[in-house]
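File shown here: upload_10.cif, holding mmCIF, C-alpha atoms.
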data_run
#
loop_
_atom_site.group_PDB
_atom_site.id
_atom_site.type_symbol
_atom_site.label_atom_id
_atom_site.label_comp_id
_atom_site.auth_asym_id
_atom_site.auth_seq_id
_atom_site.Cartn_x
_atom_site.Cartn_y
_atom_site.Cartn_z
ATOM 1 C CA MET A 607 0.000 0.000 0.000
ATOM 2 C CA THR A 608 1.146 3.422 -0.784
ATOM 3 C CA PRO A 609 1.278 6.182 1.775
ATOM 4 C CA ALA A 610 -1.503 8.029 -0.075
ATOM 5 C CA LEU A 611 -3.903 5.086 0.274
ATOM 6 C CA ILE A 612 -3.080 4.758 3.967
ATOM 7 C CA ASN A 613 -3.824 8.461 4.525
ATOM 8 C CA LEU A 614 -7.069 8.173 2.517
ATOM 9 C CA ALA A 615 -8.224 5.172 4.617
ATOM 10 C CA ALA A 616 -7.371 6.989 7.856
ATOM 11 C CA GLU A 617 -9.376 10.047 6.821
ATOM 12 C CA GLN A 618 -12.509 8.072 5.970
ATOM 13 C CA LYS A 619 -15.078 7.652 8.693
ATOM 14 C CA SER A 620 -18.578 6.233 8.854
ATOM 15 C CA ALA A 621 -21.461 8.317 7.641
ATOM 16 C CA GLU A 622 -23.237 10.353 10.264
ATOM 17 C CA VAL A 623 -26.886 9.707 11.015
ATOM 18 C CA THR A 624 -28.839 12.594 9.608
ATOM 19 C CA ASP A 625 -32.394 11.301 9.973
ATOM 20 C CA TRP A 626 -32.742 10.670 13.698
ATOM 21 C CA ALA A 627 -36.543 10.706 13.586
ATOM 22 C CA ALA A 628 -36.657 7.754 11.161
ATOM 23 C CA ARG A 629 -34.100 5.782 13.151
ATOM 24 C CA LEU A 630 -35.926 6.375 16.460
ATOM 25 C CA GLY A 631 -39.225 5.462 14.774
ATOM 26 C CA TRP A 632 -37.819 2.100 13.650
ATOM 27 C CA VAL A 633 -36.415 1.359 17.115
ATOM 28 C CA ALA A 634 -39.707 2.292 18.788
ATOM 29 C CA GLY A 635 -41.623 0.139 16.276
ATOM 30 C CA LEU A 636 -39.361 -2.838 16.958
ATOM 31 C CA LEU A 637 -39.771 -2.446 20.738
ATOM 32 C CA LEU A 638 -43.565 -2.236 20.354
ATOM 33 C CA PHE A 639 -43.560 -5.387 18.209
ATOM 34 C CA ILE A 640 -41.527 -7.293 20.824
ATOM 35 C CA ALA A 641 -43.881 -6.106 23.596
ATOM 36 C CA PHE A 642 -46.882 -7.221 21.501
ATOM 37 C CA VAL A 643 -45.416 -10.705 20.997
ATOM 38 C CA TYR A 644 -44.810 -11.065 24.752
ATOM 39 C CA TRP A 645 -48.362 -9.895 25.445
ATOM 40 C CA LEU A 646 -49.709 -12.541 23.028
ATOM 41 C CA MET A 647 -47.641 -15.224 24.776
ATOM 42 C CA ARG A 648 -49.049 -14.146 28.136
ATOM 43 C CA GLN A 649 -52.609 -14.222 26.755
ATOM 44 C CA GLY A 650 -52.011 -17.753 25.428
ATOM 45 C CA TRP A 651 -50.791 -18.909 28.849
ATOM 46 C CA THR A 652 -53.858 -17.358 30.523
ATOM 47 C CA TRP A 653 -56.185 -18.902 27.938
ATOM 48 C CA ARG A 654 -54.642 -22.359 28.478
ATOM 49 C CA GLY A 655 -55.150 -21.932 32.241
ATOM 50 C CA SER A 656 -58.824 -21.062 31.749
ATOM 51 C CA LEU A 657 -59.311 -24.155 29.558
ATOM 52 C CA GLN A 658 -57.917 -26.251 32.421
ATOM 53 C CA SER A 659 -60.011 -24.575 35.119
ATOM 54 C CA ASP A 660 -61.924 -27.833 35.707
ATOM 55 C CA LEU A 661 -58.813 -29.315 37.312
ATOM 56 C CA PRO A 662 -59.435 -29.654 41.084
ATOM 57 C CA GLU A 663 -57.236 -27.877 43.633
ATOM 58 C CA LEU A 664 -53.937 -29.609 44.261
ATOM 59 C CA PRO A 665 -53.773 -31.776 47.389
ATOM 60 C CA THR A 666 -51.548 -30.656 50.246
ATOM 61 C CA ALA A 667 -49.294 -32.845 52.361
ATOM 62 C CA PRO A 668 -50.840 -34.395 55.470
ATOM 63 C CA ALA A 669 -49.785 -33.068 58.857
ATOM 64 C CA GLU A 670 -47.979 -36.345 59.638
ATOM 65 C CA PRO A 671 -46.729 -37.800 56.334
ATOM 66 C CA GLY A 672 -44.448 -40.344 58.020
ATOM 67 C CA THR A 673 -40.728 -40.981 57.669
ATOM 68 C CA ALA A 674 -38.994 -40.250 54.403
ATOM 69 C CA LYS A 675 -38.109 -43.233 52.201
ATOM 70 C CA LEU A 676 -36.326 -41.108 49.616
ATOM 71 C CA THR A 677 -35.496 -37.428 49.191
ATOM 72 C CA MET A 678 -34.266 -35.581 46.136
ATOM 73 C CA THR A 679 -33.403 -32.031 45.166
ATOM 74 C CA GLY A 680 -33.414 -30.864 41.589
ATOM 75 C CA ARG A 681 -35.666 -29.148 39.056
ATOM 76 C CA TYR A 682 -39.364 -29.417 38.362
ATOM 77 C CA HIS A 683 -39.905 -29.077 34.597
ATOM 78 C CA GLY A 684 -43.682 -29.079 34.455
ATOM 79 C CA SER A 685 -46.689 -31.325 34.113
ATOM 80 C CA THR A 686 -48.558 -32.567 31.059
ATOM 81 C CA THR A 687 -51.555 -34.710 30.283
ATOM 82 C CA ALA A 688 -50.334 -38.307 30.651
ATOM 83 C CA GLY A 689 -49.055 -39.734 27.390
ATOM 84 C CA GLN A 690 -49.113 -36.346 25.640
ATOM 85 C CA TRP A 691 -45.713 -34.869 26.418
ATOM 86 C CA LEU A 692 -46.453 -31.547 24.679
ATOM 87 C CA ASP A 693 -49.837 -30.827 26.315
ATOM 88 C CA ARG A 694 -48.603 -28.684 29.220
ATOM 89 C CA ILE A 695 -50.884 -28.182 32.214
ATOM 90 C CA VAL A 696 -50.650 -24.622 33.571
ATOM 91 C CA ALA A 697 -53.611 -24.568 35.987
ATOM 92 C CA HIS A 698 -52.768 -24.216 39.699
ATOM 93 C CA GLY A 699 -49.125 -23.405 38.904
ATOM 94 C CA LEU A 700 -48.315 -26.846 37.474
ATOM 95 C CA GLY A 701 -46.756 -25.204 34.415
ATOM 96 C CA THR A 702 -44.254 -23.154 36.419
ATOM 97 C CA ARG A 703 -40.696 -24.457 36.301
ATOM 98 C CA SER A 704 -38.810 -24.250 39.558
ATOM 99 C CA ARG A 705 -36.357 -25.831 41.932
ATOM 100 C CA VAL A 706 -37.873 -28.786 43.743
ATOM 101 C CA GLU A 707 -37.471 -30.908 46.842
ATOM 102 C CA LEU A 708 -39.167 -34.300 46.549
ATOM 103 C CA THR A 709 -39.895 -36.465 49.575
ATOM 104 C CA LEU A 710 -41.376 -39.938 49.247
ATOM 105 C CA THR A 711 -43.126 -41.340 52.327
ATOM 106 C CA ASP A 712 -45.633 -44.121 52.960
ATOM 107 C CA ALA A 713 -48.375 -41.495 52.528
ATOM 108 C CA GLY A 714 -47.223 -40.359 49.068
ATOM 109 C CA LEU A 715 -44.994 -37.900 47.243
ATOM 110 C CA ALA A 716 -44.485 -34.378 48.613
ATOM 111 C CA VAL A 717 -43.412 -31.803 46.005
ATOM 112 C CA VAL A 718 -42.010 -28.628 47.599
ATOM 113 C CA ARG A 719 -41.263 -25.819 45.135
ATOM 114 C CA PRO A 720 -39.837 -22.480 46.293
ATOM 115 C CA GLY A 721 -41.611 -19.672 44.469
ATOM 116 C CA ALA A 722 -44.402 -21.925 43.162
ATOM 117 C CA PRO A 723 -47.319 -23.792 44.748
ATOM 118 C CA ASP A 724 -46.361 -26.993 46.580
ATOM 119 C CA PHE A 725 -48.469 -30.100 46.100
ATOM 120 C CA PHE A 726 -48.792 -33.643 47.340
ATOM 121 C CA VAL A 727 -49.494 -36.828 45.396
ATOM 122 C CA PRO A 728 -51.213 -39.379 47.666
ATOM 123 C CA LYS A 729 -49.929 -42.945 47.483
ATOM 124 C CA ASP A 730 -53.237 -44.159 45.990
ATOM 125 C CA ALA A 731 -52.969 -41.596 43.155
ATOM 126 C CA LEU A 732 -49.532 -42.753 41.966
ATOM 127 C CA ARG A 733 -49.776 -44.733 38.700
ATOM 128 C CA GLU A 734 -46.304 -45.035 37.145
ATOM 129 C CA ALA A 735 -42.690 -43.894 37.389
ATOM 130 C CA ARG A 736 -40.230 -44.014 34.510
ATOM 131 C CA LEU A 737 -37.170 -42.376 33.045
ATOM 132 C CA ASP A 738 -37.803 -40.507 29.824
ATOM 133 C CA LYS A 739 -36.145 -37.943 27.603
ATOM 134 C CA GLY A 740 -38.654 -35.123 27.473
ATOM 135 C CA ILE A 741 -41.657 -33.216 28.695
ATOM 136 C CA ALA A 742 -43.173 -29.987 27.318
ATOM 137 C CA GLY A 743 -40.398 -27.463 26.843
ATOM 138 C CA LYS A 744 -37.559 -29.720 28.035
ATOM 139 C CA VAL A 745 -35.738 -32.451 26.118
ATOM 140 C CA LEU A 746 -32.674 -34.215 27.510
ATOM 141 C CA ALA A 747 -30.672 -37.330 26.761
ATOM 142 C CA GLU A 748 -32.569 -40.621 27.010
ATOM 143 C CA GLY A 749 -33.421 -41.277 30.666
ATOM 144 C CA GLY A 750 -32.633 -37.723 31.746
ATOM 145 C CA LEU A 751 -36.019 -36.998 33.333
ATOM 146 C CA LEU A 752 -37.915 -38.753 36.100
ATOM 147 C CA ILE A 753 -41.551 -38.835 34.993
ATOM 148 C CA VAL A 754 -44.173 -39.588 37.649
ATOM 149 C CA THR A 755 -47.693 -40.359 36.413
ATOM 150 C CA TRP A 756 -50.477 -39.675 38.900
ATOM 151 C CA ALA A 757 -54.250 -39.330 38.975
ATOM 152 C CA HIS A 758 -55.857 -36.018 39.873
ATOM 153 C CA GLY A 759 -59.603 -35.741 39.570
ATOM 154 C CA ASP A 760 -60.513 -37.504 36.344
ATOM 155 C CA ARG A 761 -57.132 -36.844 34.683
ATOM 156 C CA LEU A 762 -53.836 -38.662 34.548
ATOM 157 C CA ILE A 763 -50.910 -36.258 34.831
ATOM 158 C CA ASP A 764 -47.226 -36.719 34.013
ATOM 159 C CA SER A 765 -44.889 -34.550 36.102
ATOM 160 C CA GLY A 766 -41.236 -34.221 35.088
ATOM 161 C CA PHE A 767 -38.325 -33.899 37.518
ATOM 162 C CA ARG A 768 -34.561 -33.821 37.069
ATOM 163 C CA SER A 769 -32.365 -34.632 40.033
ATOM 164 C CA ASP A 770 -29.214 -32.703 40.877
ATOM 165 C CA ARG A 771 -27.614 -36.175 41.003
ATOM 166 C CA ALA A 772 -28.926 -38.018 37.938
ATOM 167 C CA ALA A 773 -27.710 -41.403 39.191
ATOM 168 C CA GLU A 774 -30.367 -41.453 41.934
ATOM 169 C CA GLN A 775 -33.283 -41.236 39.483
ATOM 170 C CA SER A 776 -33.175 -45.007 38.803
ATOM 171 C CA GLU A 777 -33.619 -45.681 42.526
ATOM 172 C CA TRP A 778 -36.676 -43.404 42.500
ATOM 173 C CA VAL A 779 -38.231 -45.328 39.607
ATOM 174 C CA GLU A 780 -37.625 -48.648 41.342
ATOM 175 C CA THR A 781 -38.971 -47.481 44.724
ATOM 176 C CA LEU A 782 -42.044 -45.771 43.230
ATOM 177 C CA THR A 783 -42.820 -48.796 41.053
ATOM 178 C CA ASN A 784 -42.625 -51.108 44.088
ATOM 179 C CA MET A 785 -44.865 -48.740 46.053
ATOM 180 C CA ILE A 786 -47.416 -48.606 43.199
ATOM 181 C CA ASN A 787 -47.416 -52.385 42.770
ATOM 182 C CA THR A 788 -47.915 -52.837 46.531
ATOM 183 C CA THR A 789 -50.826 -50.388 46.489
ATOM 184 C CA GLU A 790 -52.452 -52.121 43.505
ATOM 185 C CA GLY A 791 -51.971 -55.529 45.167
ATOM 186 C CA THR A 792 -53.814 -54.440 48.324
ATOM 187 C CA ALA A 793 -56.606 -52.767 46.321
ATOM 188 C CA ARG A 794 -57.583 -56.031 44.600
#
Let me see the structure of the file written as structure tokens.
Amino acid sequence: MTPALINLAAEQKSAEVTDWAARLGWVAGLLLFIAFVYWLMRQGWTWRGSLQSDLPELPTAPAEPGTAKLTMTGRYHGSTTAGQWLDRIVAHGLGTRSRVELTLTDAGLAVVRPGAPDFFVPKDALREARLDKGIAGKVLAEGGLLIVTWAHGDRLIDSGFRSDRAAEQSEWVETLTNMINTTEGTAR
């Protein structure tokens, strides 16, 4: 490069914005569009909750649930209609992701969620426990989620949990399955 080209490149600078009104108008329009999309998402969530308003209130843990068989900390990823992993249930806060502390006792499964409604699954309502790869909005490697199927009102619900220590999820499936089989055996 010649010294003249170097001087010419050094003297060039980007063009100045001369039409500030147009630029601000585009930015304001973009921000309004983003706000509108978020508002539509919120309306969809509210609409889904109103469609599920027939779901009864969630049960709460008994005063004396008994001694803990298993405990687990991790994440709650949501609940869906059983067998339909994309049909998220949002009524009563079941669609809210959160941290979770699970406690399994002879009375059932206590689900404690900071910042979201806690609930309790009675032993008689438990239907199945399995490891799976996904639930609405969350897909992991095969066996990455603990899915607990339970009855609530006239619906079967799948709730998805992920332990902080993934190795313990297999023990949960085994223990829950034994508990369910014992319950079904005594009900016959």
> Which value, in Å to one decimal, gives the distance between atom CA of A:Leu737 and atom CA of A:Val754?
Replying inline: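 So the answer is 8.8 Å.
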> Care to translate the PyMOL selection byres ((chain A and resi 772) around 10) into actual residues of this file, as a ChimeraX atom specification?
Replying inline: /A:680,749-752,768-771,773-776
Kindly save the residues from that selection, with C-alpha atoms included, as a PDB file, in the coordinates of the input.
ATOM      1  CA  GLY A 680     -33.414 -30.864  41.589  1.00  0.00           C
ATOM      2  CA  GLY A 749     -33.421 -41.277  30.666  1.00  0.00           C
ATOM      3  CA  GLY A 750     -32.633 -37.723  31.746  1.00  0.00           C
ATOM      4  CA  LEU A 751     -36.019 -36.998  33.333  1.00  0.00           C
ATOM      5  CA  LEU A 752     -37.915 -38.753  36.100  1.00  0.00           C
ATOM      6  CA  ARG A 768     -34.561 -33.821  37.069  1.00  0.00           C
ATOM      7  CA  SER A 769     -32.365 -34.632  40.033  1.00  0.00           C
ATOM      8  CA  ASP A 770     -29.214 -32.703  40.877  1.00  0.00           C
ATOM      9  CA  ARG A 771     -27.614 -36.175  41.003  1.00  0.00           C
ATOM     10  CA  ALA A 773     -27.710 -41.403  39.191  1.00  0.00           C
ATOM     11  CA  GLU A 774     -30.367 -41.453  41.934  1.00  0.00           C
ATOM     12  CA  GLN A 775     -33.283 -41.236  39.483  1.00  0.00           C
ATOM     13  CA  SER A 776     -33.175 -45.007  38.803  1.00  0.00           C
TER      14      SER A 776
END
> How far is it from atom CA of A:Gly759 to atom CA of A:Leu715, in Å with one decimal?
Replying inline: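 Separation between atom CA of A:Gly759 and atom CA of A:Leu715: 16.6 Å.
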>> I'd like to see the residues matched by the PyMOL selection byres ((chain A and resi 700) around 10) on this file, and ideally I'd get them as a ChimeraX atom specification.
In response: /A:655,664,682-686,694-699,701-703,722-725,765
> Expanded to explicit residues, what is the PyMOL selection byres ((chain A and resi 719) around 7) for this file, as an MDAnalysis selection string?
Replying inline: chainID A and resid 704:707 717:718 720:724
> From the list A:Thr677, A:Thr687, A:Asn787, A:Gln649, which residue is nearest A:Leu661 when using only C-alpha atoms?
Replying inline: A:Thr687
>> Taking 3 positions as the minimum chain separation for residues in the same chain, which residues sit within 8 Å of stretch 782-785 of chain A when counting only C-alpha atoms? Answer as a PyMOL selection string.
In response: chain A and resi 729+734-735+778-779+788-789
>> Between atom CA of A:Asp660 and atom CA of A:Met647, what distance in Å does the model show, to one decimal?
In response: 22.0 Å
>> When you look at A:Arg733 with a cut-off of 8 Å (counting all atoms listed in the file), what residues show up, excluding the ones that are within fewer than 6 positions of it in the same chain? I need them as a list in words.
In response: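 Those residues are Val754, Thr755, Trp756, Ala757 and Ile786 of chain A.
Taking only C-alpha atoms into account, A:Ala688 lies nearest to A:Ile763 out of the set A:Ile741, A:Ala628, A:Ile763, A:Ala731.
The environment of A:Ala713 within 12 Å, counting only C-alpha atoms and disregarding residues fewer than 4 places along the same chain, consists of Thr666, Ala667, Pro668, Ala669, Glu670, Pro671, Gly672, Thr673, Ala674, Lys675, Thr709, Phe726, Val727, Pro728, Lys729, Asp730, Ala731, Leu732, Met785, Ile786 and Thr789 of chain A.
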> When distances are computed from all atoms listed in the file, which of A:Leu630, A:Leu762, A:Ile640, A:Met678 shows the smallest separation from A:Ala716?
Replying inline: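 Checking each candidate against A:Ala716, we get A:Met678 as the closest.
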> Taking all atoms listed in the file into account, which of A:Thr781, A:Gln658, A:Thr679, A:Thr624 comes nearest A:Leu708?
Replying inline: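 Of A:Thr781, A:Gln658, A:Thr679, A:Thr624, the one nearest A:Leu708 is A:Thr679, counting all atoms listed in the file.
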Would you pick out the contacts of A:Ala742 at 7 Å or less, using all atoms listed in the file, so that residues sharing its chain but fewer than 6 positions from it are not included, and give the list as a CSV table (one decimal) with C-alpha atoms, keeping the file's coordinate frame?
chain,number,residue,atom,x,y,z
A,691,TRP,CA,-45.7,-34.9,26.4
A,692,LEU,CA,-46.5,-31.5,24.7
A,693,ASP,CA,-49.8,-30.8,26.3
A,694,ARG,CA,-48.6,-28.7,29.2
